[in-house]
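A.B. asks: Below you'll find data.csv; it's CSV, C-alpha atoms.
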```
chain,number,residue,atom,x,y,z
V,180,MET,CA,-32.4,-6.3,57.7
V,181,PRO,CA,-30.1,-9.3,57.2
V,182,ASP,CA,-30.4,-12.1,59.7
V,183,ARG,CA,-27.3,-12.0,62.0
V,184,ARG,CA,-28.6,-14.1,64.8
V,185,HIS,CA,-25.7,-16.3,65.7
V,186,PRO,CA,-23.5,-16.4,68.9
V,187,THR,CA,-20.3,-15.2,67.4
V,188,TYR,CA,-22.0,-12.2,65.9
V,189,LEU,CA,-23.4,-11.4,69.4
V,190,ALA,CA,-19.9,-11.9,70.8
V,191,PHE,CA,-18.6,-9.4,68.2
V,192,LEU,CA,-21.3,-6.9,69.1
V,193,ALA,CA,-20.6,-7.3,72.8
V,194,HIS,CA,-16.9,-6.8,72.2
V,195,ARG,CA,-17.3,-3.7,70.0
V,196,LEU,CA,-20.0,-2.0,72.1
V,197,SER,CA,-18.2,-2.6,75.3
V,198,GLY,CA,-15.1,-1.1,73.7
V,199,LEU,CA,-17.0,2.0,72.6
V,200,ALA,CA,-18.6,2.4,76.0
V,201,LEU,CA,-15.2,2.1,77.7
V,202,ALA,CA,-13.8,4.7,75.3
V,203,LEU,CA,-16.6,7.0,76.3
V,204,PHE,CA,-15.8,6.4,80.0
V,205,LEU,CA,-12.1,7.3,79.6
V,206,PRO,CA,-12.6,11.1,79.7
V,207,LEU,CA,-14.5,10.8,82.9
V,208,HIS,CA,-11.8,8.6,84.3
V,209,PHE,CA,-9.1,11.2,83.5
V,210,TRP,CA,-11.2,14.0,84.8
V,211,ALA,CA,-11.6,12.1,88.1
V,212,LEU,CA,-7.8,11.6,88.3
V,213,GLY,CA,-7.4,15.2,87.4
V,214,GLN,CA,-9.2,16.1,90.6
V,215,ALA,CA,-6.0,15.2,92.4
V,216,LEU,CA,-4.3,18.2,90.8
V,217,GLN,CA,-6.8,20.5,92.6
V,218,GLY,CA,-5.5,19.1,95.9
V,219,GLU,CA,-6.3,16.3,98.3
V,220,ALA,CA,-9.6,17.7,99.4
V,221,ALA,CA,-11.0,17.9,95.9
V,222,LEU,CA,-10.2,14.3,95.1
V,223,GLU,CA,-11.4,13.2,98.5
V,224,GLY,CA,-14.7,15.1,97.9
V,225,PHE,CA,-15.2,13.4,94.6
V,226,LEU,CA,-14.3,10.0,96.1
V,227,ARG,CA,-17.0,10.5,98.8
V,228,TRP,CA,-19.5,11.2,96.1
V,229,THR,CA,-18.6,7.9,94.5
V,230,ASP,CA,-19.9,6.1,97.6
V,231,HIS,CA,-23.5,6.6,96.5
V,232,GLY,CA,-25.4,3.5,95.5
V,233,LEU,CA,-26.1,4.7,92.0
V,234,PHE,CA,-22.4,5.3,91.4
V,235,LYS,CA,-21.7,1.7,92.6
V,236,LEU,CA,-24.2,0.5,90.1
V,237,ALA,CA,-22.5,2.4,87.3
V,238,GLU,CA,-19.1,1.0,88.6
V,239,TRP,CA,-20.5,-2.5,88.4
V,240,GLY,CA,-21.5,-1.8,84.8
V,241,LEU,CA,-18.0,-0.6,84.1
V,242,VAL,CA,-16.4,-3.7,85.7
V,243,VAL,CA,-18.7,-6.0,83.6
V,244,LEU,CA,-17.9,-4.0,80.4
V,245,LEU,CA,-14.2,-4.3,81.2
V,246,ALA,CA,-14.5,-8.1,81.7
V,247,LEU,CA,-16.6,-8.5,78.6
V,248,HIS,CA,-14.1,-6.6,76.5
V,249,LEU,CA,-11.1,-8.5,78.0
V,250,ALA,CA,-12.7,-11.9,77.4
V,251,GLY,CA,-13.9,-10.9,73.9
V,252,GLY,CA,-10.4,-9.6,73.0
V,253,LEU,CA,-8.7,-12.8,74.3
V,254,ARG,CA,-11.1,-14.9,72.2
V,255,VAL,CA,-10.4,-13.0,69.0
V,256,MET,CA,-6.6,-13.1,69.7
V,257,ALA,CA,-6.8,-16.9,70.3
V,258,LEU,CA,-8.6,-17.3,67.0
V,259,GLU,CA,-6.2,-15.1,65.1
V,260,PHE,CA,-2.9,-15.9,66.7
V,261,LEU,CA,-3.3,-19.5,67.9
V,262,GLY,CA,-5.7,-20.6,65.2
V,263,TRP,CA,-8.2,-22.0,67.7
V,264,ARG,CA,-11.0,-22.5,65.2
V,265,ALA,CA,-12.9,-25.1,67.1
V,266,ARG,CA,-15.7,-24.4,69.7
V,267,GLN,CA,-16.0,-20.7,69.0
V,268,LYS,CA,-19.5,-20.7,70.4
V,269,ASP,CA,-18.3,-22.2,73.6
V,270,MET,CA,-15.5,-19.7,73.8
V,271,ALA,CA,-18.0,-16.8,73.3
V,272,ALA,CA,-20.2,-18.4,76.0
V,273,LEU,CA,-17.2,-18.7,78.3
V,274,GLY,CA,-16.4,-15.0,77.7
V,275,ALA,CA,-19.9,-14.0,78.7
V,276,GLY,CA,-19.8,-16.3,81.8
V,277,PHE,CA,-16.5,-14.7,82.8
V,278,ALA,CA,-17.9,-11.2,82.6
V,279,LEU,CA,-20.9,-12.4,84.7
V,280,ALA,CA,-18.7,-14.0,87.3
V,281,VAL,CA,-16.5,-10.9,87.5
V,282,GLY,CA,-19.7,-8.8,87.9
V,283,LEU,CA,-21.0,-11.0,90.7
V,284,LEU,CA,-17.6,-11.0,92.4
V,285,PHE,CA,-17.7,-7.2,92.3
V,286,LEU,CA,-21.2,-7.1,93.8
V,287,LEU,CA,-20.1,-9.5,96.6
V,288,ASN,CA,-17.4,-7.0,97.6
V,289,VAL,CA,-19.5,-3.9,97.5
V,290,GLY,CA,-20.3,-2.3,100.8
S,209,MET,CA,-53.9,-28.6,49.9
S,210,ASP,CA,-52.4,-25.8,51.9
S,211,ARG,CA,-51.0,-22.9,50.1
S,212,LEU,CA,-47.6,-21.3,50.4
S,213,THR,CA,-47.2,-17.5,49.8
S,214,VAL,CA,-43.9,-16.5,48.2
S,215,ARG,CA,-42.8,-12.9,47.9
S,216,ILE,CA,-40.2,-12.5,45.2
S,217,TRP,CA,-38.2,-9.4,44.6
S,218,ARG,CA,-38.7,-8.4,40.9
S,219,GLY,CA,-36.6,-5.7,39.2
S,220,ASP,CA,-33.2,-4.9,37.9
S,221,ALA,CA,-30.3,-2.6,38.7
S,222,ALA,CA,-32.5,0.4,38.5
S,223,GLY,CA,-34.8,-0.8,41.3
S,224,GLY,CA,-37.7,-3.1,41.9
S,225,ALA,CA,-40.4,-4.3,44.3
S,226,PHE,CA,-41.8,-7.5,45.7
S,227,ALA,CA,-44.4,-9.5,43.9
S,228,ALA,CA,-46.5,-12.2,45.7
S,229,TYR,CA,-47.2,-15.6,44.3
S,230,GLU,CA,-49.0,-18.7,45.7
S,231,VAL,CA,-48.0,-22.3,45.2
S,232,ALA,CA,-49.1,-25.6,46.8
S,233,ALA,CA,-47.4,-26.2,50.2
S,234,ARG,CA,-46.0,-29.6,49.8
S,235,GLU,CA,-44.4,-31.9,52.4
S,236,ASN,CA,-41.1,-32.0,50.6
S,237,GLN,CA,-40.1,-29.1,48.5
S,238,THR,CA,-36.9,-27.0,48.3
S,239,VAL,CA,-36.9,-23.3,47.9
S,240,LEU,CA,-35.5,-23.8,44.4
S,241,ASP,CA,-38.5,-26.2,43.6
S,242,VAL,CA,-40.8,-23.4,44.6
S,243,VAL,CA,-39.1,-20.8,42.4
S,244,SER,CA,-39.0,-23.2,39.5
S,245,GLU,CA,-42.7,-23.9,39.9
S,246,ILE,CA,-43.5,-20.2,39.9
S,247,GLN,CA,-41.4,-19.6,36.8
S,248,ARG,CA,-42.9,-22.6,34.9
S,249,GLU,CA,-46.5,-22.2,35.9
S,250,GLN,CA,-47.1,-18.5,36.7
S,251,GLU,CA,-44.3,-16.2,35.8
S,252,PRO,CA,-42.3,-17.3,32.7
S,253,ALA,CA,-40.3,-14.0,32.8
S,254,LEU,CA,-38.9,-14.6,36.3
S,255,ALA,CA,-35.1,-14.6,36.2
S,256,TYR,CA,-33.1,-16.8,38.5
S,257,ARG,CA,-30.2,-19.1,38.2
S,258,PHE,CA,-29.5,-22.8,38.9
S,259,ALA,CA,-27.7,-25.7,37.3
S,260,CYS,CA,-27.0,-28.9,39.3
S,261,ARG,CA,-29.8,-28.9,41.8
S,262,VAL,CA,-27.7,-31.1,44.2
S,263,GLY,CA,-25.4,-28.6,46.0
S,264,MET,CA,-22.4,-28.9,43.8
S,265,CYS,CA,-22.4,-26.0,41.3
S,266,GLY,CA,-23.1,-23.0,43.7
S,267,SER,CA,-25.3,-21.1,41.3
S,268,CYS,CA,-28.7,-21.0,43.0
S,269,ALA,CA,-27.9,-19.0,46.1
S,270,MET,CA,-30.4,-16.3,47.1
S,271,GLU,CA,-31.5,-14.5,50.2
S,272,VAL,CA,-34.3,-16.5,51.8
S,273,ASN,CA,-36.2,-14.8,54.6
S,274,GLY,CA,-33.3,-12.5,55.4
S,275,ARG,CA,-30.5,-15.1,55.2
S,276,ALA,CA,-28.3,-16.1,52.2
S,277,ARG,CA,-28.7,-19.8,51.4
S,278,TRP,CA,-28.2,-22.4,48.7
S,279,THR,CA,-31.8,-22.8,47.6
S,280,CYS,CA,-31.5,-26.3,46.0
S,281,ARG,CA,-30.6,-27.8,49.4
S,282,THR,CA,-32.9,-25.7,51.5
S,283,HIS,CA,-36.2,-27.3,52.4
S,284,VAL,CA,-39.1,-24.8,52.7
S,285,ARG,CA,-40.1,-26.4,56.0
S,286,ARG,CA,-36.7,-25.6,57.5
S,287,VAL,CA,-37.0,-21.9,56.9
S,288,ALA,CA,-40.7,-21.1,57.1
S,289,ARG,CA,-43.2,-22.4,59.7
S,290,PRO,CA,-46.5,-23.6,58.4
S,291,GLY,CA,-48.5,-20.6,57.1
S,292,GLU,CA,-45.4,-18.4,57.1
S,293,ALA,CA,-44.5,-16.7,53.8
S,294,LEU,CA,-41.2,-17.1,51.9
S,295,THR,CA,-39.5,-13.9,51.0
S,296,LEU,CA,-36.8,-14.2,48.3
S,297,ARG,CA,-34.3,-11.6,47.3
S,298,PRO,CA,-31.3,-11.7,45.1
S,299,LEU,CA,-28.0,-12.3,46.8
S,300,PRO,CA,-26.9,-9.2,48.7
S,301,HIS,CA,-23.6,-7.3,47.9
S,302,LEU,CA,-23.6,-8.0,44.2
S,303,PRO,CA,-25.2,-6.1,41.3
S,304,VAL,CA,-28.6,-7.3,40.3
S,305,ILE,CA,-29.0,-8.4,36.7
S,306,ARG,CA,-32.7,-9.1,37.0
S,307,ASP,CA,-35.0,-10.5,39.6
S,308,LEU,CA,-33.1,-13.2,41.6
S,309,ALA,CA,-30.1,-13.3,39.3
S,310,THR,CA,-27.1,-11.4,40.4
S,311,ASP,CA,-23.9,-10.5,38.5
S,312,MET,CA,-21.3,-12.8,40.0
S,313,ALA,CA,-18.4,-11.1,38.1
S,314,PRO,CA,-17.3,-8.8,41.0
S,315,PHE,CA,-17.3,-11.9,43.3
S,316,PHE,CA,-15.0,-13.9,41.0
S,317,ASP,CA,-12.9,-10.8,40.2
S,318,LYS,CA,-12.0,-10.8,43.9
S,319,TRP,CA,-10.8,-14.4,43.6
S,320,ALA,CA,-8.5,-13.2,40.8
S,321,ARG,CA,-7.3,-10.2,42.8
S,322,ALA,CA,-6.5,-12.5,45.8
S,323,MET,CA,-4.4,-14.7,43.3
S,324,GLY,CA,-6.8,-17.6,43.7
S,325,SER,CA,-5.2,-19.6,40.9
S,326,PHE,CA,-2.6,-22.3,41.5
S,327,GLN,CA,0.9,-21.3,40.3
S,328,PRO,CA,3.1,-24.4,40.0
S,329,LYS,CA,6.6,-23.9,41.6
S,330,ASP,CA,8.6,-25.5,38.9
S,331,ALA,CA,6.6,-24.1,36.0
S,332,PRO,CA,6.2,-20.4,36.6
S,333,ASP,CA,4.3,-19.8,33.4
S,334,GLY,CA,1.5,-21.9,34.6
S,335,ALA,CA,2.4,-25.0,32.5
S,336,VAL,CA,1.9,-28.5,33.8
S,337,PRO,CA,5.0,-29.5,35.9
S,338,GLU,CA,7.1,-32.3,34.6
S,339,ASP,CA,6.7,-34.4,37.6
S,340,PHE,CA,4.0,-34.7,40.3
S,341,ALA,CA,4.8,-33.3,43.7
S,342,VAL,CA,4.3,-35.9,46.4
S,343,VAL,CA,2.1,-34.5,49.3
S,344,PRO,CA,1.1,-37.3,51.7
S,345,PRO,CA,-2.7,-37.0,52.3
S,346,GLY,CA,-2.2,-37.3,56.1
S,347,SER,CA,0.5,-34.6,56.3
S,348,LYS,CA,-0.2,-31.4,58.2
S,349,ALA,CA,0.3,-29.3,55.1
S,350,ARG,CA,-2.2,-31.3,53.1
S,351,ARG,CA,-4.8,-31.2,55.9
S,352,GLU,CA,-4.4,-27.4,56.1
S,353,ALA,CA,-4.9,-27.1,52.4
S,354,ASP,CA,-7.8,-29.5,52.4
S,355,ALA,CA,-9.7,-27.5,55.0
S,356,GLY,CA,-11.1,-25.0,52.6
S,357,ILE,CA,-10.9,-26.8,49.3
S,358,GLU,CA,-14.5,-27.8,49.0
S,359,CYS,CA,-15.7,-24.3,48.3
S,360,ILE,CA,-18.3,-24.3,45.5
S,361,GLY,CA,-18.2,-20.5,44.9
S,362,CYS,CA,-21.9,-19.9,45.8
S,363,GLY,CA,-21.3,-16.5,47.2
S,364,VAL,CA,-23.3,-17.1,50.4
S,365,CYS,CA,-20.4,-16.1,52.7
S,366,HIS,CA,-19.7,-13.0,50.6
S,367,ALA,CA,-23.4,-12.1,50.9
S,368,SER,CA,-23.4,-12.7,54.7
S,369,CYS,CA,-20.3,-10.6,55.4
S,370,ASP,CA,-20.8,-7.2,57.0
S,371,VAL,CA,-17.3,-6.0,56.0
S,372,VAL,CA,-18.2,-6.5,52.3
S,373,ALA,CA,-21.3,-4.3,53.0
S,374,TRP,CA,-19.0,-1.6,54.6
S,375,ASN,CA,-16.3,-1.8,52.0
S,376,PRO,CA,-17.4,-3.2,48.6
S,377,ASP,CA,-13.7,-3.6,47.6
S,378,TYR,CA,-13.0,-6.0,50.5
S,379,LEU,CA,-11.9,-9.3,49.0
S,380,GLY,CA,-14.4,-11.3,51.1
S,381,PRO,CA,-14.4,-14.7,52.8
S,382,ALA,CA,-14.5,-16.9,49.7
S,383,ALA,CA,-11.5,-15.3,47.8
S,384,LEU,CA,-9.5,-15.2,51.1
S,385,ASN,CA,-10.4,-18.8,51.9
S,386,ARG,CA,-9.1,-19.7,48.4
S,387,ALA,CA,-5.9,-17.7,49.0
S,388,TRP,CA,-5.3,-19.5,52.3
S,389,THR,CA,-5.8,-22.8,50.6
S,390,LEU,CA,-3.1,-22.0,48.2
S,391,VAL,CA,-0.8,-20.5,50.9
S,392,ASN,CA,-1.0,-24.0,52.4
S,393,ASP,CA,-0.2,-25.7,49.2
S,394,VAL,CA,3.5,-26.6,49.3
S,395,ARG,CA,3.5,-27.0,45.5
S,396,ASP,CA,2.6,-23.4,44.9
S,397,GLY,CA,5.3,-20.9,43.9
S,398,ALA,CA,3.5,-17.6,44.1
S,399,GLN,CA,3.4,-17.2,47.9
S,400,ALA,CA,5.0,-13.8,48.2
S,401,ALA,CA,2.9,-12.2,45.6
S,402,ARG,CA,-0.3,-13.8,46.9
S,403,LEU,CA,0.4,-12.7,50.5
S,404,ALA,CA,1.0,-9.2,49.2
S,405,ALA,CA,-2.3,-9.3,47.3
S,406,VAL,CA,-4.3,-10.3,50.3
S,407,SER,CA,-2.7,-7.8,52.8
S,408,GLY,CA,-3.9,-4.5,51.4
S,409,ASP,CA,-6.6,-2.2,52.8
S,410,ALA,CA,-9.3,-4.4,51.3
S,411,GLY,CA,-7.6,-7.6,52.3
S,412,CYS,CA,-7.6,-10.0,55.3
S,413,HIS,CA,-6.9,-7.3,57.9
S,414,SER,CA,-10.3,-5.8,57.3
S,415,CYS,CA,-12.0,-8.8,58.7
S,416,HIS,CA,-13.6,-8.3,62.1
S,417,SER,CA,-14.0,-12.0,62.8
S,418,THR,CA,-17.8,-11.9,63.2
S,419,GLN,CA,-17.7,-15.3,61.6
S,420,SER,CA,-21.0,-14.9,59.7
S,421,CYS,CA,-19.2,-16.6,56.8
S,422,THR,CA,-18.4,-19.7,58.8
S,423,GLU,CA,-21.8,-19.7,60.3
S,424,ARG,CA,-23.6,-19.5,56.9
S,425,CYS,CA,-21.3,-21.5,54.6
S,426,PRO,CA,-23.6,-24.3,53.3
S,427,LYS,CA,-20.6,-26.6,52.8
S,428,GLY,CA,-19.6,-26.2,56.5
S,429,LEU,CA,-16.2,-24.6,55.6
S,430,ASP,CA,-14.6,-22.1,57.9
S,431,PRO,CA,-13.5,-19.0,55.9
S,432,SER,CA,-13.2,-17.0,59.1
S,433,SER,CA,-10.3,-19.2,60.3
S,434,ALA,CA,-8.7,-19.1,56.9
S,435,ILE,CA,-8.7,-15.3,57.1
S,436,ALA,CA,-7.3,-15.6,60.6
S,437,GLY,CA,-4.6,-17.9,59.2
S,438,LEU,CA,-3.6,-15.3,56.6
S,439,LYS,CA,-3.4,-12.6,59.3
S,440,ARG,CA,-1.3,-14.8,61.4
S,441,ARG,CA,1.0,-15.7,58.6
S,442,LEU,CA,1.4,-12.0,57.6
S,443,PHE,CA,2.0,-11.0,61.2
S,444,TRP,CA,4.9,-13.4,61.7
S,445,ASP,CA,6.3,-12.7,58.3
S,446,ALA,CA,6.3,-9.0,59.0
S,447,LEU,CA,7.7,-9.4,62.6
S,448,LEU,CA,10.5,-11.7,61.5
S,449,GLY,CA,11.4,-9.7,58.4
S,450,ARG,CA,10.4,-12.5,56.0
S,451,ARG,CA,8.5,-10.1,53.7
S,452,GLY,CA,10.5,-8.5,51.0
```
Taking this structure as input, can you express it in the form of structure tokens?
C.D. replies:
Amino acid sequence: MPDRRHPTYLAFLAHRLSGLALALFLPLHFWALGQALQGEAALEGFLRWTDHGLFKLAEWGLVVLLALHLAGGLRVMALEFLGWRARQKDMAALGAGFALAVGLLFLLNVG
Amino acid sequence: MDRLTVRIWRGDAAGGAFAAYEVAARENQTVLDVVSEIQREQEPALAYRFACRVGMCGSCAMEVNGRARWTCRTHVRRVARPGEALTLRPLPHLPVIRDLATDMAPFFDKWARAMGSFQPKDAPDGAVPEDFAVVPPGSKARREADAGIECIGCGVCHASCDVVAWNPDYLGPAALNRAWTLVNDVRDGAQAARLAAVSGDAGCHSCHSTQSCTERCPKGLDPSSAIAGLKRRLFWDALLGRRG
């Protein structure tokens, strides 16, 4: 197993895995939206179900994944389009910090 | 005196296995010192490669405890704690000739495929131009070209690149770094052909920017940014219709 322990590799992994997880979430997202086609009651029933604590936790995970993926994507685009070659490790750390902050902000607004 | 255990991969293209050796653990010894000691004192048939021993020639790279390194400038104490063994393998992603010696031909073939040789503008046949081009050392163009010029061709970046593992045809960080150096050379006249050569399926667009090449380059170069530069150049050329 080659040694890949360095921050920008971790940033790559976080970006790629969060992207895959978000892609897996998409069918669920569309299914939830599709409930509206069954009428207002069906959608409302589903939305009530989403008030459960466990669902909120999953929602928090989703928000963190989105923030991670956004920050990771912006970092790579800055590297590739703007040529920001310096301080890549700081940029990766900033991305992780951004995701954490967004996650905390979400938790503060729950309930 | 304390002893140092060294596990060395022995074999050839058909396969192989690790063999263990023991040498004296000295205060100051490089990984290459250790390999040389084993070859001279214990295992004369051990195949490995080195030339300059001072970090200039790029021929002694191996995988040391899971990480590709230039062994002549890698002190044992930097990579193994006291009592910890050294595990040496040939450089990954290249065919093994025997033991720690890899066939570097595919690596340098990629440099040729990426058009890594300078093509003077005013002498298309590769002849020496009549007059020297003046490129001020402080100019932006010169600094861009200088950024990647110190590559010694050791293959550490190529060995550390996951994309090379996934797609053996991928040109790899060193060849693309060389191409970017020449793209930034205002005296070079083969830009269109070179940009076409690095933009194929196995070219710069395959890079995932994991930056292992930049992280592992023993010369402190930044091939990852060079590849990003090629992508950027090709993007704008395609968008603005500058590509023929």
A.B. asks: Using all atoms listed in the file, which chain S residues lie at most 12 Å away from chain V, written as an MDAnalysis selection string?
C.D. replies: chainID S and resid 271:277 297 299:301 352 355 367:370 373 412:413 415:424 429:444
A.B. asks: What is the distance between CA of Leu247 (chain V) and CA of Val372 (chain S), in Å to one decimal?
C.D. replies: 26.4 Å
A.B. asks: Which one is closest to His231 (chain V): V:Ala211, V:Ala280, V:Leu249, V:Val289? Count only C-alpha atoms.
C.D. replies: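 Smallest separation from His231 (chain V) among the options: V:Val289.
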A.B. asks: Using Å and a single decimal, report how far CA of Asn392 (chain S) sits from CA of Trp278 (chain S).
C.D. replies: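 A separation of 27.5 Å between them.
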A.B. asks: Work out how far apart CA of Leu226 (chain V) and CA of Ala193 (chain V) are and give it in Å to one decimal.
C.D. replies: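 Spanning CA of Leu226 (chain V) to CA of Ala193 (chain V) is a straight-line distance of 29.7 Å.
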A.B. asks: So, counting all atoms listed in the file, which residue among S:Gly263, S:Pro290, S:Gly346, S:Gly380 is closest to Leu302 (chain S)?
C.D. replies: S:Gly380
A.B. asks: Take the point (-46.4, -5.1, 47.3) in the file's coordinates, draw a sphere of radius 12 Å around it, and report as a PDB file with C-alpha atoms, in the coordinates of the input every protein, DNA or RNA residue with an atom inside or on it, counting only C-alpha atoms.
C.D. replies:
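Result written to part.pdb:
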```pdb
ATOM      1  CA  VAL S 214     -43.900 -16.500  48.200  1.00  0.00           C
ATOM      2  CA  ARG S 215     -42.800 -12.900  47.900  1.00  0.00           C
ATOM      3  CA  ILE S 216     -40.200 -12.500  45.200  1.00  0.00           C
ATOM      4  CA  TRP S 217     -38.200  -9.400  44.600  1.00  0.00           C
ATOM      5  CA  ARG S 218     -38.700  -8.400  40.900  1.00  0.00           C
ATOM      6  CA  GLY S 224     -37.700  -3.100  41.900  1.00  0.00           C
ATOM      7  CA  ALA S 225     -40.400  -4.300  44.300  1.00  0.00           C
ATOM      8  CA  PHE S 226     -41.800  -7.500  45.700  1.00  0.00           C
ATOM      9  CA  ALA S 227     -44.400  -9.500  43.900  1.00  0.00           C
ATOM     10  CA  ALA S 228     -46.500 -12.200  45.700  1.00  0.00           C
ATOM     11  CA  TYR S 229     -47.200 -15.600  44.300  1.00  0.00           C
ATOM     12  CA  THR S 295     -39.500 -13.900  51.000  1.00  0.00           C
TER      13      THR S 295
END
```
A.B. asks: For Met209 (chain S), work out the shell of residues within 8 Å, counting all atoms listed in the file and skipping chain neighbours fewer than 5 positions away, then give it as a VMD selection string.
C.D. replies: chain S and resid 232 to 234
A.B. asks: Which is closest to Lys268 (chain V) among V:Phe285, V:Gly251, V:Leu216, V:Val243, if we use only C-alpha atoms?
C.D. replies: V:Gly251
A.B. asks: Under the rule that all atoms listed in the file are counted, which of S:Lys318, S:Gly397, S:Pro303, S:Glu358 is the nearest residue to Pro381 (chain S)?
C.D. replies: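 Between S:Lys318, S:Gly397, S:Pro303, S:Glu358, the residue approaching Pro381 (chain S) most closely is S:Lys318.
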A.B. asks: Show which residues sit within 12 Å of Leu199 (chain V), as JSON, numbers by chain. Count all atoms listed in the file, and ignore same-chain residues fewer than 6 positions away.
C.D. replies: {"V": [192, 193, 205, 241, 244, 245, 248]}
A.B. asks: Let me make sure I understand: among S:Cys280, S:Leu296, S:Arg395, S:Glu230, which one has the smallest atom-to-atom distance to Phe340 (chain S) if we use only C-alpha atoms?
C.D. replies: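 Checking each candidate against Phe340 (chain S), we get S:Arg395 as the closest.
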A.B. asks: Report as number ranges by chain all protein, DNA and RNA residues lying within 7 Å of Thr389 (chain S), evaluated on only C-alpha atoms, omitting residues in the same chain fewer than 2 positions from it.
C.D. replies: S: 353, 356-357, 385-387, 391-393
A.B. asks: Counting all atoms listed in the file, which residue out of V:Gly213, V:Leu253, V:Ala221, V:Trp239 sits closest to Leu287 (chain V)?
C.D. replies: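 The answer is V:Trp239, which sits nearest to Leu287 (chain V).
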